[in-house]
Structure formats: C-alpha cells, structure tokens
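J.: Please see the structure below; I have some questions.
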Amino acid sequence: MTTPPRMDRRTALKWMLAAAASTALASRYARGQGGSPAAQGYGTDPDLLKHHKAGDVWPLTFTEAQRRAAAALCDVIIPADDRSPAASALGVVDFLDEWISAPYPDQQEDRGIMLPGLAWIDAEAAKRFGRPFADLADAQKTAICDDICHTAKAKPEFRQAARFFATFRDLTAGGFYTTPQGRQDLRYVGNVPLATFDGPPPEVLRQAGLI
Amino acid sequence: MALITPEQLKPGYDVIVVGSGAGGGQTAYTLTLEGIKVLMLEAGRNYVPETETPMFETAEQAPLRGAGTPDKPFGFYDSTIDGGWTVPGEPYTSASNDRGRKFEWWRSRMLGGRTNHWGRYSFRNGQYDFKPRSRDGLGFDWPLDYADLAPYYDKVEMLIGVYGENDGLENTPDSSPGVLLPAPKPRVSDLLVKKHAGGLGIPVVAAHRAVLTRRLDFEKLPAKLHPGNAFAQKHLRAAMEGRAACFWATDCGRGCSIRATYQSTTVHLPPAMASGNLDLVTNAMAREVTTGPDGKASGVTFIDKTTGREHHAAGRVIVLAASSGETVRLMLNSKSARFPQGLANSSGLVGKYLMDTVGASFSGQIPALENLPAHNEDGAGGAHMYAPWWLYKEQLAGKLGFARGYHIEFGGGRRQPGMGTASGLEWLTGGSYGKKFKEDARRYYGSFVGFAGRGDMIPNEDSFCELDPAVKDKWGIPVLRFHWKWSEHEIRQAAHMQQTFADIISAMGGRMRRKPEPDGAKAIANGGVIIHEVGGAIMGTDAAKSVTNQWSQTWDVPNLFLTDGAPFCSNADKNPTLTIMAQAWRAADRIVAELKKQNL
C-alpha cells in the first residue's frame, strides 16, 4: 500500500557497488567504446557555478557505430544554413551521448528508444542501400527519413522508427538551441543586465495586431 | 553573523524558531529587531545567494542542458538544494498511490527553505477568503478579519518589496497608497492575453510579485516599519541599502545574487543576523519539542546532521515554522505523559485539514506571436500580469457548480531557449526536418502561451497527515503518511479552468494540440504538487475544534506558536506566502507583547 521513497541498507549497498562498477567502467571505456549508463547522477547539491561538459559527471556510452549514425542523423535534422552551423558542429552528438548515458529515469527511457533506433536506422540503410546510414548519399538518407519523420502518418511498419525519430529530433533540437549559436539562430537576445525594461517595441506590437 | 555550532549554544534563549523560510524568517526578523534573543534551527545547510546563485549560467554549461531530474526536479539551475519531491534518507509515505489520492511533498533542506525558489507571487487574501464559511457555508472562518491583517500586509510588502497595481477588484484588496512598487511593462503576450481575455470578461491586471522594480526607499521605509525603534531602523536601513533593483535578466527561480527578489536569505535574515540577537544552527534536524513539569514547552531536541549527535536547546517560547508538514510531524513526535497524542493536540486535530492549491494547466500556440522581431522579453524573471478570479457573483448565485474561485497565471515569450523550446512541434510542422525544421523552429519560438489555474481548496476530512506506524527517517524519526482526496468543488473547478484557458486561446486565434480536458479529475494536479501546503494545525475560536487561536498560539501550550502555513483554516486561491509572512509578523508582535507582560 505504501511506497516509501527511502533507501534501505540493501539498496544503498547495491547503489554503492554499482557506483564502484561505473567508476571502473569510466576508466576502461573511453568515449566511443560503449558501456552501461552510470548508477548515480550529480546529487542534490551540485556545484551550480561549475561549467560542465558532456562526460564530466557520468561516462559517455555511445559505441563508435552509434556515434557515427547519431552524427549523421542529427545533421539531417539540423543541417548548416546561412544562419547557423549543423548540429554535429556544435557538440550535439556529445550531448546526445550524455543524455542517453545519464542515470535518471527519463533519460534511461530515452536510451531505450535511441539505441534500438540507431541500430534500426543502420540496418534499414544496409537493407535499402547496402551501407551504414552515415555513409549514405543525402537523397538516400532523406528517403529513409521521409518514411519516419511524422508519427501520425508513418506506415505501420515504420511506426516504431517514427517514434524514435521524434525523440531523436526533440533531443537534437534541445541540444542545438541551447548553445550560444543556437540561441543566436532563434534571435534570443536576453540574459544580459539592463538598466530598464521597456517592453515590446512598436514594430512588435504592430505585427501582433495590438496597435 | 552568528552562525554557530550546536556546541556553541547559549544555555537558554527567549525564543527558538524552527525553520528559516517565509514564516521562520519573518518571525526571527520581527523578534530580533525588538531585542529578543532568538535561536533559529534549520534542517538544511547554510546557503549564501550572493555567491552561490548561477545568475547568467546558460543551459550548455549544465548537465543535460539544465533539464529537470529527480536530483533537481525544477532543473539544474533551480535554487533548491537537497530537496525536491524526495529527499534522500528522509522519506514520507502515501496511503494511496492512485491519481488524485496521492500527496506529493516538496521540501528544501537549505537556509531560507522554499523561499529561495518560489514564484514570488504575492497576493493578499480578501475578506471573503477569511470568512468563507459565512459566505458559502463550507470550510471554516478564520478567527480574524482582513482588517486585522491589512496593516501587516502593508508592512510585509514594504519590507520585502512587491510590484503591482491597485485595481479595486472584488475580494482582491488594494495596498495602502505608496506601498507597491511600479509594475513592469507588459510583454507582447501579456497584452494579447489582456485584449482577448478581456473580451471574455476576464480581467487581466498587473501581477503582484516580490521583485524590486526599483530600489527600496531605505531613507523612509525603516521609520515607517519600525516607528520609535532606532535599533531596528538602523539594521533595516543597512539591509535595504544592500539590495539592488532588478536588472531584467535571469529567472527568479535560480535565486538572486543581487537580492532584488524576496528570499528569506536575502531579506529577513541579514538584518536579523546584523542585530546580534540571532543565533543560527544549520543542519539541525528538530526531533522533538520538550515540555516542562508545568506543561509548557521548554526547548527543542535536534540532531546535528553533520555528526549524528543529539542536542537540546532551551527556550522560553517555541515557534514552529518548519512548513505545515514538518511542523505537524514535530508536534506528533513530541509525545509525553501529558500530551500522549502529541504536543498541543488535545483536539486531535493536529495533521487534519491539510490543503494545497488546485492546479491545472493548458497551453496554446498563437499565430499572432510567430516570427516576431527580436526583442528582449526576460523582464522581471517571472510573470508581469495575471487574472484574478472574476466570477464571484455567478458563483455565489450557484451558477458554476463549484464554490470557490481561481486566478490565472500565464506566460509566453521569447524566453531563454531550453530543452523544450523546439520539441514536440510535429503537430504544427507535419514532421519537418532539415532546413525546413530550422525555419519552423524560428517561426514557432516564442509563440506559445501557457496558462495555469491556481484555485481555492476547501479543507476536508479525507486530506490529512499522520505518523506512519512503521517508517522512520535515517535518524530514526517517524515520518509522515499522507491521505488525500479532492472534493467535487475542486474537481469541477479544474474542469472550468481547462475550458476557460481553451476559450482564451481560441479568442486569441490560437491553436491547441489537444482538446481541453473536460474531466476535472484528470486535469487536476496531485495534492502537494503546487507546493502550497497549508493547514494541519488550524486556527479557530474554540479549543476543541482548532489547534491555535488567532495569533497562531496553540490552545494547549501557550508558549508554543506556529508561524508557517499550518494554522491556515482555508486556502484561498491566493498564493499563501505573503499571508504566512503577514500572520507571522502579527504572531511575533504578540510574542513580544506577551513576553513583556510575563505571560509566556
């Protein structure tokens, strides 16, 4: 009837062992070698002023093949244009790796979508074109993505892949638009101290139909 | 500063205050500036907003781009330390895990408690809110009137600094002239909501939030707040001079290093510390309020979390302001031959009538806000406008099917991008990717407006907490078990919120990803989720039917006061923090007067 969110001695012991194991993993598996997600996160009192990089708190776990597929796919979703670079150029692959390697429930759930999804997209590329996804020509990549880019319209055989694509696109966009170049792409101009707050300029009010 | 270790405790204090948030901070402030010697016990660690606040840190500098996790549920940069829905080693239990029957409890184990991250909404309860039973026959009347608290609302608003306007609306009291700070200019989404909600008869006015839109008048305010008390004026002036005005950047939930928002740690505690009358022990987990042979409270037993050792502090007056839940827990755990049901619990009502705020939310995408020219919308780090409840007459006439109202908090704009900024767009984009996706992300960025209803909950017999018969925390202290049930009033209110938000979005020409939820039981957030836990030791006029009198003083133990939300006997739609502070100041004045008369 009750589910106390407490940690008994046995669970604590299990966590400690898992934490020890993940430290061992961290040293054994350099980036790109695969591995299991970490057992513990940054805790309830992390240093908020420290600038963290992917891999600082828990080890990254993409294999080299997963990393290549992820890099190719995130650049299909966010390619370079005249306003900003492609996703992979801004460290989004590292971010995706950080995300799916995190010990938290939401990220573990995404890991369960992302890793099979990356395997699927390489298998699909091999099936259709005889090469891994990263080695396909742009039109070949698009041919696959067109089948899976819209969950509501995907054919039954592509529905699961479409759910992967939607997750992958959300995470890629999250990783991209939270970089300085991503913020600039969206023309976010805040996070700077101002002497006064003047409200929206007239051209904004005009465009919104308010004057 | 008198941050001390348990070994440095003085043999006795005039007053011991348990908790350092809105209630504890205000109590300690008022008492110490009146020359009373106070010991404050805080279960969390010391916290220094001036040096610890991540003011301009950006998402890519945080793990997971700052996304919320069980360790930091409101995001990496949220100011909450050692807190959230769960606290390691400090469990609580729920009698049911069913949706709608569960209570989720947010705690912050840090100096200043939950005041560090709160939304800074500072609304006054109106006269209806103090006399709800007289008006509609439900719940309980407070044993005081709006007029009793009005001077304290003025004082708290002047002390902490609250922006807003006086709109003269029903049951939405005005502040005295000159008390409020200027409201910030509306954002474009505010103006659009105002225009279209206004067309539906919903008033949209300046929000009231505890943010300094200009510096406090440190020349005049100290004399207004502490007439005839040069000592208090001196320390308050120095504290006010140390607070800067808002510089229109960064989310208030991170805390504020320039002290432009109210946090107990930036407003209440600095002058209390400077007075020399406050000793503070952090990492002090209170276990029990002790009593003497005369039945009066004699002190507090606490555990030093850094050593695991138990200590006792002695005081003439004990004030509990540990949050409703922790205050109740402490009382129930303070059992003795004289108080076998727990301290000050002869009524059997300690733990009963726990309340939260009714919450439901909905959002829409507004084409009029697409592709707007770049401009800075950070503003005051939170809402600039809101809609107070507007259907009092229809409700009283029985036309709505639920007895109490709600206000609407809303927000849109070109906020600092986060993980959600360009996610879940498929319903709008048809699944775009590539260059088209980048164009779509630009088009839709800043075009969403989210609405959140915050409504009155009527206290009921099925919503309460008690000691869990089996589970203890890591120091062996029995923990709380929560019971929860919404009544039809809250459930129908949540459904009404959904329809109202959809109506506003439609009037704005907006699009909705899904239909509004017609079933209030599905729309309503679980108990506790809005983090407005109040009640559990309600005030009243009858010692058999309440735990405290109108001064938050327990009937059974005259030198025991509760200055957090525990004595609330109703929970208006207005966010409770301002009322907690106003009532804490009033209770502290009572303590000062009674100590002078040797009555405690």
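In the structure tokens, chains take the letters A, B, ... in the order shown, each chain's residues start at 1, and ligands count up from 1 in the order shown.
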Check every residue of chain A for an atom within 6 Å of chain B, counting only C-alpha atoms, and provide those that qualify as a PyMOL selection string.
T.: chain A and resi 2+4-6+43-45+48-49+51-52+76-79+99+149-150+170+173-174+178-179+186-187+189-194+199+208
J.: Take the selection from the previous step and output its residues with N, CA and C atoms, as a compact mmCIF listing (two decimals), in the first residue's frame.
T.:
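Once everything was written out, this is result_9.txt:
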```txt
# COMPACT_ATOMS: atom_id res chain seq x y z
N THR A 2 1.94 1.21 0.76
CA THR A 2 2.79 2.39 0.79
C THR A 2 4.07 2.14 0.02
N PRO A 4 7.36 3.90 0.39
CA PRO A 4 8.24 4.94 0.93
C PRO A 4 9.45 5.15 0.03
N PRO A 5 9.72 6.39 -0.34
CA PRO A 5 10.89 6.66 -1.19
C PRO A 5 12.16 6.66 -0.35
N ARG A 6 12.36 5.63 0.42
CA ARG A 6 13.55 5.60 1.28
C ARG A 6 14.49 4.54 0.75
N GLY A 43 23.67 14.34 -7.86
CA GLY A 43 23.29 14.53 -6.47
C GLY A 43 22.41 15.76 -6.27
N THR A 44 22.03 15.99 -5.04
CA THR A 44 21.07 17.04 -4.75
C THR A 44 21.71 18.39 -4.41
N ASP A 45 23.03 18.43 -4.40
CA ASP A 45 23.71 19.69 -4.10
C ASP A 45 24.93 19.88 -5.01
N LEU A 48 26.63 24.64 -8.88
CA LEU A 48 25.87 25.25 -9.98
C LEU A 48 26.71 26.23 -10.79
N LEU A 49 27.86 26.60 -10.27
CA LEU A 49 28.69 27.58 -10.98
C LEU A 49 29.76 26.93 -11.85
N HIS A 51 31.20 24.94 -14.89
CA HIS A 51 30.75 24.73 -16.27
C HIS A 51 31.01 23.28 -16.65
N HIS A 52 29.93 22.55 -16.81
CA HIS A 52 30.03 21.12 -17.06
C HIS A 52 30.15 20.83 -18.55
N VAL A 76 21.13 15.61 -40.56
CA VAL A 76 19.98 15.59 -41.48
C VAL A 76 18.86 16.45 -40.90
N ILE A 77 18.70 16.38 -39.60
CA ILE A 77 17.62 17.12 -38.93
C ILE A 77 17.97 18.61 -38.83
N ILE A 78 19.20 18.91 -38.42
CA ILE A 78 19.64 20.31 -38.33
C ILE A 78 20.93 20.46 -39.14
N PRO A 79 20.79 20.71 -40.45
CA PRO A 79 21.97 20.93 -41.29
C PRO A 79 22.44 22.39 -41.17
N TRP A 99 23.13 12.47 -22.68
CA TRP A 99 21.71 12.29 -22.32
C TRP A 99 21.39 10.80 -22.13
N CYS A 149 9.44 10.49 -40.44
CA CYS A 149 9.54 11.81 -39.81
C CYS A 149 8.23 12.30 -39.21
N HIS A 150 7.15 11.59 -39.42
CA HIS A 150 5.85 12.07 -38.93
C HIS A 150 5.11 10.89 -38.31
N ASP A 170 13.63 15.81 -31.11
CA ASP A 170 13.46 16.67 -29.93
C ASP A 170 14.79 16.86 -29.19
N ALA A 173 17.20 18.99 -31.26
CA ALA A 173 16.82 20.41 -31.21
C ALA A 173 17.14 20.99 -29.84
N GLY A 174 16.89 20.22 -28.79
CA GLY A 174 17.21 20.70 -27.44
C GLY A 174 18.70 20.97 -27.31
N THR A 178 20.27 25.17 -27.31
CA THR A 178 20.80 25.60 -26.02
C THR A 178 22.29 25.94 -26.11
N THR A 179 22.80 26.04 -27.31
CA THR A 179 24.19 26.52 -27.47
C THR A 179 24.14 28.01 -27.80
N LEU A 186 17.88 31.60 -33.04
CA LEU A 186 16.49 31.95 -32.71
C LEU A 186 16.31 33.44 -32.42
N ARG A 187 17.43 34.17 -32.46
CA ARG A 187 17.41 35.60 -32.15
C ARG A 187 16.96 35.85 -30.71
N VAL A 189 17.77 37.39 -27.41
CA VAL A 189 18.69 38.49 -27.12
C VAL A 189 18.73 38.84 -25.62
N GLY A 190 18.20 37.94 -24.78
CA GLY A 190 18.16 38.24 -23.34
C GLY A 190 19.40 37.73 -22.61
N ASN A 191 19.21 37.51 -21.30
CA ASN A 191 20.28 37.08 -20.41
C ASN A 191 21.42 38.09 -20.32
N VAL A 192 21.05 39.34 -20.45
CA VAL A 192 22.00 40.43 -20.24
C VAL A 192 21.35 41.44 -19.30
N PRO A 193 22.15 42.03 -18.39
CA PRO A 193 21.55 43.01 -17.47
C PRO A 193 21.16 44.29 -18.22
N LEU A 194 20.02 44.83 -17.86
CA LEU A 194 19.53 46.06 -18.47
C LEU A 194 19.24 47.08 -17.38
N GLY A 199 9.64 47.02 -22.42
CA GLY A 199 8.51 46.37 -23.07
C GLY A 199 8.74 46.21 -24.55
N ALA A 208 1.87 42.10 -34.06
CA ALA A 208 0.95 41.25 -33.29
C ALA A 208 -0.48 41.78 -33.33
```
J.: For the alpha helix (DSSP H) assignment from backbone DSSP, which residues of segment 85-164 of chain A qualify? Please present them as a ChimeraX atom specification.
T.: /A:92-100,105-129,138-148,159-164
J.: Would you save the residues from that selection as a PDB file, in the first residue's frame, using C-alpha atoms?
T.:
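Saved result, again_5.pdb, follows:
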```pdb
ATOM      1  CA  VAL A  92      25.177  17.881 -30.184  1.00  0.00           C
ATOM      2  CA  VAL A  93      26.437  14.309 -30.592  1.00  0.00           C
ATOM      3  CA  ASP A  94      28.275  14.542 -27.284  1.00  0.00           C
ATOM      4  CA  PHE A  95      25.133  15.948 -25.758  1.00  0.00           C
ATOM      5  CA  LEU A  96      23.018  13.063 -27.089  1.00  0.00           C
ATOM      6  CA  ASP A  97      25.571  10.666 -25.658  1.00  0.00           C
ATOM      7  CA  GLU A  98      25.500  12.461 -22.310  1.00  0.00           C
ATOM      8  CA  TRP A  99      21.713  12.287 -22.321  1.00  0.00           C
ATOM      9  CA  ILE A 100      21.336   8.590 -23.040  1.00  0.00           C
ATOM     10  CA  PRO A 105      14.561   7.563 -15.361  1.00  0.00           C
ATOM     11  CA  ASP A 106      13.570   9.886 -18.233  1.00  0.00           C
ATOM     12  CA  GLN A 107      16.969   9.564 -19.853  1.00  0.00           C
ATOM     13  CA  GLN A 108      17.022   5.784 -19.355  1.00  0.00           C
ATOM     14  CA  GLU A 109      13.667   5.643 -21.079  1.00  0.00           C
ATOM     15  CA  ASP A 110      15.044   7.665 -23.983  1.00  0.00           C
ATOM     16  CA  ARG A 111      18.062   5.375 -24.093  1.00  0.00           C
ATOM     17  CA  GLY A 112      15.628   2.508 -24.629  1.00  0.00           C
ATOM     18  CA  ILE A 113      14.307   4.360 -27.686  1.00  0.00           C
ATOM     19  CA  MET A 114      17.535   5.856 -29.013  1.00  0.00           C
ATOM     20  CA  LEU A 115      19.905   2.895 -29.069  1.00  0.00           C
ATOM     21  CA  PRO A 116      17.496   0.478 -30.785  1.00  0.00           C
ATOM     22  CA  GLY A 117      16.541   3.365 -33.093  1.00  0.00           C
ATOM     23  CA  LEU A 118      20.124   3.969 -34.166  1.00  0.00           C
ATOM     24  CA  ALA A 119      20.543   0.226 -34.730  1.00  0.00           C
ATOM     25  CA  TRP A 120      17.362   0.230 -36.796  1.00  0.00           C
ATOM     26  CA  ILE A 121      18.438   3.124 -38.981  1.00  0.00           C
ATOM     27  CA  ASP A 122      21.778   1.452 -39.766  1.00  0.00           C
ATOM     28  CA  ALA A 123      20.006  -1.824 -40.511  1.00  0.00           C
ATOM     29  CA  GLU A 124      17.477  -0.038 -42.704  1.00  0.00           C
ATOM     30  CA  ALA A 125      20.286   1.750 -44.555  1.00  0.00           C
ATOM     31  CA  ALA A 126      22.061  -1.569 -45.081  1.00  0.00           C
ATOM     32  CA  LYS A 127      18.856  -3.206 -46.259  1.00  0.00           C
ATOM     33  CA  ARG A 128      17.988  -0.469 -48.738  1.00  0.00           C
ATOM     34  CA  PHE A 129      21.433   0.733 -49.845  1.00  0.00           C
ATOM     35  CA  ASP A 138      21.879  12.818 -48.937  1.00  0.00           C
ATOM     36  CA  ALA A 139      18.999  11.605 -51.112  1.00  0.00           C
ATOM     37  CA  GLN A 140      19.288   8.115 -49.618  1.00  0.00           C
ATOM     38  CA  LYS A 141      19.197   9.498 -46.085  1.00  0.00           C
ATOM     39  CA  THR A 142      16.154  11.544 -46.986  1.00  0.00           C
ATOM     40  CA  ALA A 143      14.430   8.520 -48.469  1.00  0.00           C
ATOM     41  CA  ILE A 144      14.587   6.787 -45.095  1.00  0.00           C
ATOM     42  CA  CYS A 145      13.770   9.875 -43.022  1.00  0.00           C
ATOM     43  CA  ASP A 146      10.722  10.719 -45.132  1.00  0.00           C
ATOM     44  CA  ASP A 147       9.214   7.406 -44.064  1.00  0.00           C
ATOM     45  CA  ILE A 148       9.684   8.045 -40.348  1.00  0.00           C
ATOM     46  CA  ARG A 159       5.661   3.487 -36.585  1.00  0.00           C
ATOM     47  CA  GLN A 160       8.244   2.423 -34.060  1.00  0.00           C
ATOM     48  CA  ALA A 161      11.017   4.042 -36.076  1.00  0.00           C
ATOM     49  CA  ALA A 162       8.905   7.209 -36.288  1.00  0.00           C
ATOM     50  CA  ARG A 163       8.676   7.348 -32.512  1.00  0.00           C
ATOM     51  CA  PHE A 164      12.458   7.074 -32.403  1.00  0.00           C
TER      52      PHE A 164
END
```
J.: Quick one: distance from atom CA of Gln66 of chain A to atom CA of Ser101 of chain A in Å, one decimal?
T.: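 Distance reported for this atom pair: 12.6 Å.
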J.: Can you list every residue of segment 455-527 of chain B that has an atom at most 12 Å from segment 353-360 of chain B, with its nearest atom pair and the distance in Å to one decimal, using only C-alpha atoms, ordered by chain then number, as a tab-separated table?
T.:
```
residue	atom	partner	partner_atom	distance
B:Gly455	CA	B:Val358	CA	4.6
B:Asp456	CA	B:Thr357	CA	6.0
B:Met457	CA	B:Thr357	CA	5.9
B:Ile458	CA	B:Met355	CA	7.6
B:Pro459	CA	B:Tyr353	CA	5.1
B:Asn460	CA	B:Tyr353	CA	5.7
B:Glu461	CA	B:Tyr353	CA	6.4
B:Asp462	CA	B:Tyr353	CA	7.9
B:Ser463	CA	B:Leu354	CA	5.6
B:Phe464	CA	B:Leu354	CA	4.9
B:Cys465	CA	B:Leu354	CA	7.2
B:Glu466	CA	B:Leu354	CA	10.6
B:Arg481	CA	B:Leu354	CA	12.0
B:Phe482	CA	B:Leu354	CA	9.1
B:His483	CA	B:Leu354	CA	9.0
B:Trp484	CA	B:Leu354	CA	8.5
B:Lys485	CA	B:Met355	CA	10.0
B:Trp486	CA	B:Val358	CA	9.0
B:Ser487	CA	B:Val358	CA	10.8
B:Glu488	CA	B:Val358	CA	11.7
B:His489	CA	B:Val358	CA	10.0
B:Glu490	CA	B:Val358	CA	6.4
B:Ile491	CA	B:Val358	CA	8.5
B:Arg492	CA	B:Val358	CA	10.5
B:Gln493	CA	B:Val358	CA	8.0
B:Ala494	CA	B:Ala360	CA	5.9
B:Ala495	CA	B:Ala360	CA	8.3
B:His496	CA	B:Ala360	CA	9.6
B:Met497	CA	B:Ala360	CA	6.8
B:Gln498	CA	B:Ala360	CA	7.1
B:Gln499	CA	B:Ala360	CA	10.8
B:Thr500	CA	B:Ala360	CA	11.1
B:Phe501	CA	B:Ala360	CA	9.9
B:Pro516	CA	B:Ala360	CA	10.6
B:Glu517	CA	B:Ala360	CA	9.7
B:Pro518	CA	B:Ala360	CA	11.7
B:Asp519	CA	B:Ala360	CA	11.3
B:Gly520	CA	B:Ala360	CA	8.6
B:Ala521	CA	B:Ala360	CA	10.1
B:Lys522	CA	B:Ala360	CA	9.3
B:Ala523	CA	B:Ala360	CA	5.7
B:Ile524	CA	B:Ala360	CA	5.1
B:Ala525	CA	B:Gly359	CA	5.4
B:Asn526	CA	B:Gly359	CA	8.3
B:Gly527	CA	B:Asp356	CA	6.0
```
J.: Pick out the residues sitting within 12 Å of Arg114 of chain B, and hand them over as a PyMOL selection string; count only C-alpha atoms, and ignore anything fewer than 6 positions along from it in its own chain.
T.: chain B and resi 19-25+44+78-84+105-108+120+253-255+262-265+321-323+531-533+564+577
